[in-house]
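The structure appears right after this line, and notes come after that.
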Amino acid sequence: MRTGEPLPAVGEILAALATGLWHWNTATGLVTVDAEAARLLGLPSERATLSQAQVRARLHPVDWNEISGVIQLAVAEGTLGEVRVRIMDDLGRVVRVGRSRFHASFDREKRSYEVTGSLQEVTEPVPGTSSGRTAVTGDWRRSREAFLLDAGRALAEARSTAEVLRVAAGLSMPGFSPDGLAVFGVTGDRLTIIGHHGHQPGDEGPFTHMALDTDYPAAEVVRTGRAVYLSSPEKYKDRYPVTWPLAAHFDRQSWAFLPLTVAGRTMGAWMAAFTYPVAFTPDERSVLTTVARMLAQALSRAEAAESARELTDGLQRSMLPKLGPEIPGMGVAARYVPTGGGLQVGGDWYDMIPLPGGTSRTEFGGGRFALVIGDVQGHDVRAAGLMGQLRIALRAYASEGHRPDAVLSRASRFLHGMTFGALDEDPSDLRFATCLYVEVDPASGLLDIARAGHPDPAIRMTDGTVLARPTAGGLPLGIDPDADYPTTRITLEPGETMLICTDGLIETGGHDLDTGWKRIRSILEEHDGDLEGLADALVQAVHGPSSHHTTGPLADRREDDIAVLLLRRQGDGHTDTAVRPTVRRTVLSVAQAEPERVGVARQQLRELLHDWASADQVDSAVLLLSETLTNVLVHTDADALLLAEVRGEPGDRRVRVEVTDTSDDLPHRRSPGELASSGRGLMLIELLAQAWGVDPRGEGKSIWFELYESEGAVESGGGSVEVAVALDVELP
């Protein structure tokens with residue numbers, strides 16, 4: 001070119017350099033190529049406009065996907081992008097390798113990319129070099145950093161050794177990836193296989209319990225703390241001729257053995273094996289070394305966490321008793337499920353204590369015994385330690401022959417002295433405990449219950465009805481050293497089952513006490529197996545796979561320990577099998593001196609109708625029950641007896657509520673004034689009940705009403721209405 005002559009066109013220069021140009025608009029989906037770019041793509045050497053599908057058919061599928069990622073990264077960072085692509089022929093064979101540099105921009109209005117770049121052929125790398133195995137996408141260093149960030153995050157989130165090994169097996173290193181991995185540990189003076197990937201079961205046999213002084217790469221790495229890189233089978237055979245036969249049949253071409261070092265101590269070795277030659281360039285060694293360090297840290301954390309979990313879980317379970325021998329006429333089952341998360345142990349416990357005065361002071365036999373369940377505040381080792389001490393104290397007080405109220409009073413004073421007694425005690429570390437203590441007489445079925453801030457027991461009756469049984473209670477243990485714990489006596493009839501549990505069974509899965517109790521009650525009603533099966537069903541309902549689909553309204557609530565105790569009094573047939581519900585029934589007395597039991601009656605009726613189709617009918621039934629019970633307490637001197645029954649199949653059931661008293665005074669209709677505070681009882685019954693009446697008896701009377709779940713089940717109650725209108729005593 002002479003001085004002063006015009007410069008040649010850019011296209012001519014690029015053509016002379018065998019470099020093509022291309023332009024891609026993702027909004028239209030069209031790619032424009034010049035003649036040289038078309039030739040490199042294996043098309044006629046002429047300018048052309050191609051669809052994305054036509055271009056994609058000419059590139060290796062992996063490379064096409066990587067181009068999209070590099071374009072997005074280049075736009076985000078405001079830099080040029082560079083990719084290496086494999087160009088395919090019509091038969092899917094690689095005909096050449098190209099390199100493209102490009103500039104990309106993003107149109108926010110059209111939400112599309114415009115990319116302009118160059119394309120030129122590059123020489124195929126020599127096999128065995130770092131770039132000779134797969135197409136390199138983008139910037140090698142940027143890809144490496146992104147990989148290490150992802151690998152570090154994944155390994156940091158792994159909670160167990162098995163999870164760490166799964167993450168390590170799934171790592172895809174930029175530009176090269178091993179297809180065989182093994183992690184070696186050290187036990188005494190021998191190697192052990194912690195885990196491996198890419199091998200058949202049993203392949204680890206020759207390498208297990210190998211002496212550390214063996215001429216084997218992993219053993220040398222553990223002895224010296226230095227990595228060993230073997231880029232070919234020849235190098236492996238020359239350096240380790242004795243153990244080469246052990247590795248020869250795996251058909252690998254390159255190996256890297258790296259130390260797993262934590263705090264200056266080599267805890268093992270990591271092997272990465274490749275089916276293709278790897279030169280182990282400085283970049284590749286840097287990646288492998290960094291992964292080995294992260295892997296060592298992750299394994300160390302997992303080992304420490306597993307040891308802590310094993311220690312605390314063993315501590316917790318060692319403090320829990322084994323249920324005693326079979327008790328004539330009684331069946332007992334228990335479950336304990338600790339919460340997860342390393343040291344997240346809790347203070348839940350249960351116990352079964354033989355009481356003095358039975359057939360034997362050392363065995364349960366047929367004598368009286370006590371069931372205890374409780375929960376010390378907190379989820380740590382201190383809670384577990386306090387639980388163990390409190391359990392021992394309760395067992396000691398019970399074995400001395402004290403009644404349930406005295407046992408809990410002494411236990412509260414004991415715990416208060418332990419947690420509140422020290423003058424230098426941190427106020428934030430003060431603890432209390434809830435507890436339920438049940439003294440059982442197997443012969444009569446009598447249960448004497450004392451409760452310290454714990455959930456009430458639930459009873460599954462022989463007719464299938466499941467009701468929470470309200471019991472008198474006091475403050476949680478440890479708060480007030482002089483607290484009183486009144487005792488409630490109930491009778492467990494033959495065939496009935498009592499459930500006592502910690503709040504973890506009710507509230508696990510984001511449930512509160514209300515929604516959690518509904519879930520537990522449905523299991524109690526539907527299960528018809530033995531006690532052990534029922535205990536498993538209760539735990540599975542809150543911890544099994546199905547529990548993840550029935551989370552409660554408080555899904556972010558932390559999970560809690562679970563302790564469950566079931567007590568069943570065997571029926572006449574001495575069976576441990578529950579009875580399927582046919583008729584639900586509850587009976588309750590309300591004395592003149594116990595007006596607070598009206599609230600208990602309302603709650604039991606609501607529980608009896610927990611799955612009733614109409615919530616309005618449930619409210620009506622509770623309102624009418626309250627009216628009839630209050631009428632007895634206000635207008636007579638007698639006590640009231642409640643009998644409520646639910647009969648029929650779901651959707652076609654009827655509930656009958658009957659309140660009986662010993663007064664001969666009968667109610668009558670009134671016309672209360674606008675400001676009157678009473679006299680509307682019969683009006684409410686007439687409006688809300690579908691049938692009702694008053695039945696005189698030899699001594700006293702019975703006021704009853706019925707509600708029907710389905711209108712098709714309604715039957716006439718007119719005769720009873722006619723009788724009620726003529727009666728002469730007021731309902732309030």
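A note on labels: chains of the structure tokens are A, B, ... as shown, every chain counts residues from 1, and ligands are counted from 1 in their shown order.
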Within 10 Å of range 115-123 of chain A, counting only C-alpha atoms, which residues qualify if same-chain residues fewer than 6 places away don't, as a PDB file with N, CA, C and O atoms, in the first residue's frame?
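Listing of result14.pdb after writing:
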```
ATOM      1  N   LEU A  14     -11.052  -8.028   7.345  1.00  0.00           N
ATOM      2  CA  LEU A  14     -11.508  -9.183   8.114  1.00  0.00           C
ATOM      3  C   LEU A  14     -11.525 -10.443   7.267  1.00  0.00           C
ATOM      4  O   LEU A  14     -11.176 -11.535   7.736  1.00  0.00           O
ATOM      5  N   ALA A  15     -11.915 -10.316   5.992  1.00  0.00           N
ATOM      6  CA  ALA A  15     -11.909 -11.480   5.111  1.00  0.00           C
ATOM      7  C   ALA A  15     -10.494 -11.981   4.913  1.00  0.00           C
ATOM      8  O   ALA A  15     -10.244 -13.196   4.869  1.00  0.00           O
ATOM      9  N   LEU A  17      -8.181 -11.787   7.028  1.00  0.00           N
ATOM     10  CA  LEU A  17      -7.791 -12.432   8.294  1.00  0.00           C
ATOM     11  C   LEU A  17      -8.660 -13.645   8.618  1.00  0.00           C
ATOM     12  O   LEU A  17      -8.570 -14.197   9.713  1.00  0.00           O
ATOM     13  N   ALA A  18      -9.493 -14.053   7.655  1.00  0.00           N
ATOM     14  CA  ALA A  18     -10.396 -15.199   7.847  1.00  0.00           C
ATOM     15  C   ALA A  18     -11.281 -15.003   9.071  1.00  0.00           C
ATOM     16  O   ALA A  18     -11.511 -15.927   9.853  1.00  0.00           O
ATOM     17  N   THR A  19     -11.782 -13.777   9.207  1.00  0.00           N
ATOM     18  CA  THR A  19     -12.648 -13.434  10.328  1.00  0.00           C
ATOM     19  C   THR A  19     -13.990 -12.958   9.794  1.00  0.00           C
ATOM     20  O   THR A  19     -14.044 -12.059   8.944  1.00  0.00           O
ATOM     21  N   GLY A  20     -15.057 -13.570  10.276  1.00  0.00           N
ATOM     22  CA  GLY A  20     -16.388 -13.200   9.839  1.00  0.00           C
ATOM     23  C   GLY A  20     -17.091 -12.320  10.848  1.00  0.00           C
ATOM     24  O   GLY A  20     -16.693 -12.225  12.016  1.00  0.00           O
ATOM     25  N   LEU A  21     -18.176 -11.670  10.402  1.00  0.00           N
ATOM     26  CA  LEU A  21     -18.990 -10.820  11.256  1.00  0.00           C
ATOM     27  C   LEU A  21     -20.402 -11.380  11.336  1.00  0.00           C
ATOM     28  O   LEU A  21     -20.916 -11.953  10.369  1.00  0.00           O
ATOM     29  N   TRP A  22     -21.049 -11.175  12.492  1.00  0.00           N
ATOM     30  CA  TRP A  22     -22.427 -11.616  12.658  1.00  0.00           C
ATOM     31  C   TRP A  22     -23.174 -10.653  13.567  1.00  0.00           C
ATOM     32  O   TRP A  22     -22.570  -9.957  14.390  1.00  0.00           O
ATOM     33  N   HIS A  23     -24.476 -10.607  13.394  1.00  0.00           N
ATOM     34  CA  HIS A  23     -25.329  -9.731  14.194  1.00  0.00           C
ATOM     35  C   HIS A  23     -26.602 -10.502  14.553  1.00  0.00           C
ATOM     36  O   HIS A  23     -27.243 -11.107  13.691  1.00  0.00           O
ATOM     37  N   TRP A  24     -26.974 -10.438  15.836  1.00  0.00           N
ATOM     38  CA  TRP A  24     -28.127 -11.208  16.324  1.00  0.00           C
ATOM     39  C   TRP A  24     -29.066 -10.268  17.061  1.00  0.00           C
ATOM     40  O   TRP A  24     -28.680  -9.567  17.994  1.00  0.00           O
ATOM     41  N   ASN A  25     -30.318 -10.239  16.631  1.00  0.00           N
ATOM     42  CA  ASN A  25     -31.367  -9.469  17.298  1.00  0.00           C
ATOM     43  C   ASN A  25     -32.363 -10.461  17.886  1.00  0.00           C
ATOM     44  O   ASN A  25     -33.091 -11.130  17.150  1.00  0.00           O
ATOM     45  N   THR A  26     -32.400 -10.558  19.206  1.00  0.00           N
ATOM     46  CA  THR A  26     -33.274 -11.560  19.826  1.00  0.00           C
ATOM     47  C   THR A  26     -34.745 -11.190  19.724  1.00  0.00           C
ATOM     48  O   THR A  26     -35.611 -12.045  19.903  1.00  0.00           O
ATOM     49  N   VAL A  31     -30.419 -13.848  12.723  1.00  0.00           N
ATOM     50  CA  VAL A  31     -28.968 -13.698  12.808  1.00  0.00           C
ATOM     51  C   VAL A  31     -28.457 -13.387  11.403  1.00  0.00           C
ATOM     52  O   VAL A  31     -28.663 -14.180  10.469  1.00  0.00           O
ATOM     53  N   THR A  32     -27.767 -12.253  11.250  1.00  0.00           N
ATOM     54  CA  THR A  32     -27.186 -11.866   9.959  1.00  0.00           C
ATOM     55  C   THR A  32     -25.699 -12.185   9.979  1.00  0.00           C
ATOM     56  O   THR A  32     -24.990 -11.797  10.919  1.00  0.00           O
ATOM     57  N   VAL A  33     -25.219 -12.895   8.947  1.00  0.00           N
ATOM     58  CA  VAL A  33     -23.807 -13.277   8.862  1.00  0.00           C
ATOM     59  C   VAL A  33     -23.259 -12.808   7.520  1.00  0.00           C
ATOM     60  O   VAL A  33     -23.982 -12.778   6.499  1.00  0.00           O
ATOM     61  N   GLU A  36     -17.842 -14.670   5.154  1.00  0.00           N
ATOM     62  CA  GLU A  36     -16.832 -15.444   5.872  1.00  0.00           C
ATOM     63  C   GLU A  36     -17.446 -16.172   7.074  1.00  0.00           C
ATOM     64  O   GLU A  36     -17.135 -17.328   7.346  1.00  0.00           O
ATOM     65  N   ALA A  37     -18.339 -15.489   7.788  1.00  0.00           N
ATOM     66  CA  ALA A  37     -18.992 -16.148   8.920  1.00  0.00           C
ATOM     67  C   ALA A  37     -19.853 -17.308   8.444  1.00  0.00           C
ATOM     68  O   ALA A  37     -19.920 -18.369   9.096  1.00  0.00           O
ATOM     69  N   ALA A  38     -20.526 -17.112   7.290  1.00  0.00           N
ATOM     70  CA  ALA A  38     -21.327 -18.205   6.738  1.00  0.00           C
ATOM     71  C   ALA A  38     -20.446 -19.397   6.398  1.00  0.00           C
ATOM     72  O   ALA A  38     -20.803 -20.555   6.635  1.00  0.00           O
ATOM     73  N   LEU A  40     -17.560 -20.223   7.748  1.00  0.00           N
ATOM     74  CA  LEU A  40     -17.112 -20.877   8.980  1.00  0.00           C
ATOM     75  C   LEU A  40     -18.214 -21.732   9.595  1.00  0.00           C
ATOM     76  O   LEU A  40     -17.940 -22.740  10.258  1.00  0.00           O
ATOM     77  N   LEU A  41     -19.479 -21.318   9.386  1.00  0.00           N
ATOM     78  CA  LEU A  41     -20.595 -22.103   9.907  1.00  0.00           C
ATOM     79  C   LEU A  41     -20.948 -23.291   9.024  1.00  0.00           C
ATOM     80  O   LEU A  41     -21.889 -24.039   9.324  1.00  0.00           O
ATOM     81  N   ILE A  71     -23.653 -13.829  27.227  1.00  0.00           N
ATOM     82  CA  ILE A  71     -24.245 -12.565  26.767  1.00  0.00           C
ATOM     83  C   ILE A  71     -24.843 -11.814  27.952  1.00  0.00           C
ATOM     84  O   ILE A  71     -24.623 -10.606  28.120  1.00  0.00           O
ATOM     85  N   VAL A  75     -23.508  -8.125  29.394  1.00  0.00           N
ATOM     86  CA  VAL A  75     -24.363  -6.939  29.518  1.00  0.00           C
ATOM     87  C   VAL A  75     -24.369  -6.445  30.958  1.00  0.00           C
ATOM     88  O   VAL A  75     -24.295  -5.240  31.225  1.00  0.00           O
ATOM     89  N   LEU A  80     -16.937  -6.816  27.044  1.00  0.00           N
ATOM     90  CA  LEU A  80     -17.046  -7.671  25.877  1.00  0.00           C
ATOM     91  C   LEU A  80     -17.188  -9.116  26.315  1.00  0.00           C
ATOM     92  O   LEU A  80     -16.684  -9.511  27.381  1.00  0.00           O
ATOM     93  N   GLY A  81     -17.854  -9.890  25.481  1.00  0.00           N
ATOM     94  CA  GLY A  81     -17.963 -11.316  25.754  1.00  0.00           C
ATOM     95  C   GLY A  81     -17.104 -12.109  24.794  1.00  0.00           C
ATOM     96  O   GLY A  81     -16.816 -11.677  23.667  1.00  0.00           O
ATOM     97  N   GLU A  82     -16.669 -13.268  25.252  1.00  0.00           N
ATOM     98  CA  GLU A  82     -15.857 -14.135  24.392  1.00  0.00           C
ATOM     99  C   GLU A  82     -16.236 -15.580  24.667  1.00  0.00           C
ATOM    100  O   GLU A  82     -16.339 -15.988  25.830  1.00  0.00           O
ATOM    101  N   VAL A  83     -16.428 -16.340  23.568  1.00  0.00           N
ATOM    102  CA  VAL A  83     -16.774 -17.743  23.704  1.00  0.00           C
ATOM    103  C   VAL A  83     -15.982 -18.561  22.705  1.00  0.00           C
ATOM    104  O   VAL A  83     -15.529 -18.054  21.673  1.00  0.00           O
ATOM    105  N   ARG A  84     -15.816 -19.820  23.027  1.00  0.00           N
ATOM    106  CA  ARG A  84     -15.233 -20.792  22.098  1.00  0.00           C
ATOM    107  C   ARG A  84     -16.339 -21.781  21.766  1.00  0.00           C
ATOM    108  O   ARG A  84     -16.984 -22.321  22.665  1.00  0.00           O
ATOM    109  N   VAL A  85     -16.596 -21.999  20.488  1.00  0.00           N
ATOM    110  CA  VAL A  85     -17.722 -22.825  20.062  1.00  0.00           C
ATOM    111  C   VAL A  85     -17.238 -23.929  19.129  1.00  0.00           C
ATOM    112  O   VAL A  85     -16.255 -23.768  18.389  1.00  0.00           O
ATOM    113  N   ARG A  86     -17.975 -25.052  19.212  1.00  0.00           N
ATOM    114  CA  ARG A  86     -17.729 -26.162  18.287  1.00  0.00           C
ATOM    115  C   ARG A  86     -18.782 -26.124  17.189  1.00  0.00           C
ATOM    116  O   ARG A  86     -19.978 -26.105  17.483  1.00  0.00           O
ATOM    117  N   ILE A  87     -18.340 -26.115  15.918  1.00  0.00           N
ATOM    118  CA  ILE A  87     -19.230 -26.020  14.771  1.00  0.00           C
ATOM    119  C   ILE A  87     -19.426 -27.422  14.208  1.00  0.00           C
ATOM    120  O   ILE A  87     -18.457 -28.158  13.955  1.00  0.00           O
ATOM    121  N   ARG A  96     -14.981 -27.891  12.998  1.00  0.00           N
ATOM    122  CA  ARG A  96     -13.974 -26.892  13.372  1.00  0.00           C
ATOM    123  C   ARG A  96     -14.352 -26.287  14.724  1.00  0.00           C
ATOM    124  O   ARG A  96     -15.493 -26.418  15.175  1.00  0.00           O
ATOM    125  N   VAL A  97     -13.390 -25.630  15.337  1.00  0.00           N
ATOM    126  CA  VAL A  97     -13.606 -24.895  16.579  1.00  0.00           C
ATOM    127  C   VAL A  97     -13.409 -23.424  16.289  1.00  0.00           C
ATOM    128  O   VAL A  97     -12.410 -23.036  15.664  1.00  0.00           O
ATOM    129  N   GLY A  98     -14.379 -22.617  16.678  1.00  0.00           N
ATOM    130  CA  GLY A  98     -14.296 -21.187  16.433  1.00  0.00           C
ATOM    131  C   GLY A  98     -14.259 -20.389  17.714  1.00  0.00           C
ATOM    132  O   GLY A  98     -14.667 -20.863  18.778  1.00  0.00           O
ATOM    133  N   ARG A  99     -13.780 -19.165  17.583  1.00  0.00           N
ATOM    134  CA  ARG A  99     -13.774 -18.243  18.719  1.00  0.00           C
ATOM    135  C   ARG A  99     -14.480 -16.972  18.290  1.00  0.00           C
ATOM    136  O   ARG A  99     -14.246 -16.464  17.184  1.00  0.00           O
ATOM    137  N   SER A 100     -15.339 -16.487  19.150  1.00  0.00           N
ATOM    138  CA  SER A 100     -16.099 -15.286  18.829  1.00  0.00           C
ATOM    139  C   SER A 100     -15.972 -14.289  19.968  1.00  0.00           C
ATOM    140  O   SER A 100     -16.124 -14.637  21.132  1.00  0.00           O
ATOM    141  N   ARG A 101     -15.703 -13.042  19.594  1.00  0.00           N
ATOM    142  CA  ARG A 101     -15.754 -11.929  20.540  1.00  0.00           C
ATOM    143  C   ARG A 101     -16.893 -11.022  20.110  1.00  0.00           C
ATOM    144  O   ARG A 101     -17.104 -10.795  18.908  1.00  0.00           O
ATOM    145  N   PHE A 102     -17.632 -10.492  21.078  1.00  0.00           N
ATOM    146  CA  PHE A 102     -18.825  -9.747  20.705  1.00  0.00           C
ATOM    147  C   PHE A 102     -19.133  -8.666  21.729  1.00  0.00           C
ATOM    148  O   PHE A 102     -18.645  -8.678  22.860  1.00  0.00           O
ATOM    149  N   HIS A 103     -19.980  -7.733  21.273  1.00  0.00           N
ATOM    150  CA  HIS A 103     -20.514  -6.691  22.147  1.00  0.00           C
ATOM    151  C   HIS A 103     -22.024  -6.866  22.187  1.00  0.00           C
ATOM    152  O   HIS A 103     -22.670  -7.023  21.144  1.00  0.00           O
ATOM    153  N   ALA A 104     -22.598  -6.815  23.374  1.00  0.00           N
ATOM    154  CA  ALA A 104     -24.030  -7.026  23.529  1.00  0.00           C
ATOM    155  C   ALA A 104     -24.656  -5.842  24.244  1.00  0.00           C
ATOM    156  O   ALA A 104     -24.042  -5.234  25.138  1.00  0.00           O
ATOM    157  N   SER A 105     -25.888  -5.498  23.852  1.00  0.00           N
ATOM    158  CA  SER A 105     -26.650  -4.442  24.515  1.00  0.00           C
ATOM    159  C   SER A 105     -28.075  -4.938  24.731  1.00  0.00           C
ATOM    160  O   SER A 105     -28.562  -5.821  24.019  1.00  0.00           O
ATOM    161  N   PHE A 106     -28.742  -4.324  25.718  1.00  0.00           N
ATOM    162  CA  PHE A 106     -30.087  -4.754  26.079  1.00  0.00           C
ATOM    163  C   PHE A 106     -31.057  -3.599  25.910  1.00  0.00           C
ATOM    164  O   PHE A 106     -30.825  -2.491  26.419  1.00  0.00           O
TER     165      PHE A 106
END
```
message: I'd like the contact shell of Gly185 in chain A - 6 Å cut-off, only C-alpha atoms, skipping same-chain residues fewer than 5 positions apart - returned as a list in words.
response: Leu191, Thr192, Ile194 and Gly268 of chain A
Take the selection from the previous step and output its residues with N, CA and C atoms, as a CSV table (one decimal), in the first residue's frame.
```
chain,number,residue,atom,x,y,z
A,191,LEU,N,-5.9,-45.9,56.6
A,191,LEU,CA,-6.9,-45.2,55.8
A,191,LEU,C,-8.2,-45.9,55.9
A,192,THR,N,-9.3,-45.0,55.8
A,192,THR,CA,-10.6,-45.6,55.7
A,192,THR,C,-11.3,-44.8,54.6
A,194,ILE,N,-14.4,-42.8,53.6
A,194,ILE,CA,-15.6,-42.1,54.1
A,194,ILE,C,-16.7,-42.2,53.1
A,268,GLY,N,-7.5,-36.3,56.3
A,268,GLY,CA,-7.7,-37.3,55.3
A,268,GLY,C,-7.2,-36.8,53.9
```
message: So that I can check the surroundings of Val542 in chain A, please list as a list in words every protein, DNA and RNA residue that reaches within 10 Å of it, counting only C-alpha atoms and ignoring chain neighbours fewer than 6 positions away.
response: Gly504, Leu505, Ile506, Glu507, Thr508, Gly509, His511, Gly516, Arg519, Ile520, His548, Thr550, Thr551 and Ile562 of chain A
Those residues with all heavy atoms, as a short mmCIF file (atom, residue, chain, number, x, y, z; two decimals), in the first residue's frame please?
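Result file follows (part-v3.cif):
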```cif
data_model
loop_
_atom_site.label_atom_id
_atom_site.label_comp_id
_atom_site.auth_asym_id
_atom_site.auth_seq_id
_atom_site.Cartn_x
_atom_site.Cartn_y
_atom_site.Cartn_z
N GLY A 504 -45.41 -30.18 71.87
CA GLY A 504 -44.80 -30.42 70.57
C GLY A 504 -45.67 -31.26 69.66
O GLY A 504 -45.71 -31.04 68.45
N LEU A 505 -46.40 -32.24 70.23
CA LEU A 505 -47.28 -33.06 69.41
C LEU A 505 -48.41 -32.23 68.82
O LEU A 505 -48.86 -32.47 67.70
CB LEU A 505 -47.87 -34.20 70.25
CG LEU A 505 -48.78 -35.17 69.49
CD1 LEU A 505 -47.97 -36.02 68.53
CD2 LEU A 505 -49.56 -36.05 70.45
N ILE A 506 -48.86 -31.23 69.54
CA ILE A 506 -50.00 -30.43 69.09
C ILE A 506 -49.56 -29.32 68.14
O ILE A 506 -50.18 -29.09 67.10
CB ILE A 506 -50.73 -29.82 70.31
CG1 ILE A 506 -51.19 -30.93 71.26
CG2 ILE A 506 -51.91 -28.97 69.87
CD1 ILE A 506 -51.78 -30.42 72.56
N GLU A 507 -48.44 -28.66 68.45
CA GLU A 507 -48.08 -27.44 67.72
C GLU A 507 -47.08 -27.65 66.60
O GLU A 507 -46.81 -26.72 65.84
CB GLU A 507 -47.54 -26.41 68.70
CG GLU A 507 -48.57 -25.98 69.74
CD GLU A 507 -48.03 -24.96 70.72
OE1 GLU A 507 -46.79 -24.87 70.82
OE2 GLU A 507 -48.81 -24.26 71.35
N THR A 508 -46.49 -28.84 66.47
CA THR A 508 -45.53 -29.08 65.40
C THR A 508 -46.19 -28.86 64.05
O THR A 508 -47.33 -29.23 63.82
CB THR A 508 -44.97 -30.51 65.50
OG1 THR A 508 -44.12 -30.60 66.64
CG2 THR A 508 -44.17 -30.87 64.26
N GLY A 509 -45.42 -28.27 63.12
CA GLY A 509 -45.95 -28.01 61.79
C GLY A 509 -46.66 -26.68 61.66
O GLY A 509 -47.46 -26.48 60.75
N HIS A 511 -48.84 -25.34 63.80
CA HIS A 511 -50.19 -25.32 64.36
C HIS A 511 -50.20 -24.63 65.71
O HIS A 511 -49.21 -24.64 66.44
CB HIS A 511 -50.74 -26.74 64.50
CG HIS A 511 -51.12 -27.36 63.19
ND1 HIS A 511 -52.37 -27.22 62.63
CD2 HIS A 511 -50.41 -28.11 62.31
CE1 HIS A 511 -52.42 -27.87 61.48
NE2 HIS A 511 -51.24 -28.41 61.26
N GLY A 516 -53.98 -27.60 66.07
CA GLY A 516 -53.22 -28.82 66.33
C GLY A 516 -54.04 -29.88 67.02
O GLY A 516 -53.93 -31.07 66.72
N ARG A 519 -56.25 -31.73 64.60
CA ARG A 519 -55.52 -32.74 63.83
C ARG A 519 -55.31 -34.00 64.66
O ARG A 519 -55.51 -35.12 64.17
CB ARG A 519 -54.17 -32.15 63.39
CG ARG A 519 -53.27 -33.14 62.68
CD ARG A 519 -52.00 -32.48 62.18
NE ARG A 519 -51.24 -31.82 63.22
CZ ARG A 519 -50.01 -31.36 63.05
NH1 ARG A 519 -49.42 -31.48 61.88
NH2 ARG A 519 -49.37 -30.77 64.04
N ILE A 520 -54.92 -33.85 65.92
CA ILE A 520 -54.68 -35.01 66.78
C ILE A 520 -55.98 -35.76 67.05
O ILE A 520 -56.03 -36.99 67.06
CB ILE A 520 -54.02 -34.56 68.09
CG1 ILE A 520 -52.64 -33.94 67.82
CG2 ILE A 520 -53.90 -35.73 69.06
CD1 ILE A 520 -51.72 -34.84 67.04
N HIS A 548 -46.24 -32.44 55.85
CA HIS A 548 -45.77 -31.27 55.12
C HIS A 548 -46.87 -30.65 54.27
O HIS A 548 -46.72 -29.53 53.79
CB HIS A 548 -44.59 -31.66 54.23
CG HIS A 548 -43.46 -32.28 54.99
ND1 HIS A 548 -42.81 -31.62 56.02
CD2 HIS A 548 -42.87 -33.50 54.91
CE1 HIS A 548 -41.86 -32.40 56.51
NE2 HIS A 548 -41.89 -33.54 55.86
N THR A 550 -50.04 -30.33 55.44
CA THR A 550 -51.10 -29.86 56.34
C THR A 550 -50.51 -28.92 57.39
O THR A 550 -50.77 -29.07 58.56
CB THR A 550 -51.80 -31.04 57.02
OG1 THR A 550 -50.81 -31.83 57.74
CG2 THR A 550 -52.50 -31.92 56.02
N THR A 551 -49.68 -27.99 56.93
CA THR A 551 -49.08 -27.06 57.88
C THR A 551 -50.13 -26.11 58.42
O THR A 551 -51.12 -25.80 57.77
CB THR A 551 -47.96 -26.25 57.21
OG1 THR A 551 -48.49 -25.62 56.04
CG2 THR A 551 -46.82 -27.16 56.81
N ILE A 562 -41.22 -33.87 71.02
CA ILE A 562 -42.53 -34.51 71.17
C ILE A 562 -42.39 -35.66 72.16
O ILE A 562 -41.50 -36.50 72.03
CB ILE A 562 -43.04 -35.07 69.82
CG1 ILE A 562 -43.34 -33.92 68.86
CG2 ILE A 562 -44.29 -35.91 70.02
CD1 ILE A 562 -43.70 -34.39 67.48
#
```
- prompt: Neighbours of Leu633 in chain A within 9 Å (only C-alpha atoms; same-chain residues fewer than 6 positions away dropped), as a ChimeraX atom specification?
  reply: /A:590-593,595,639-640
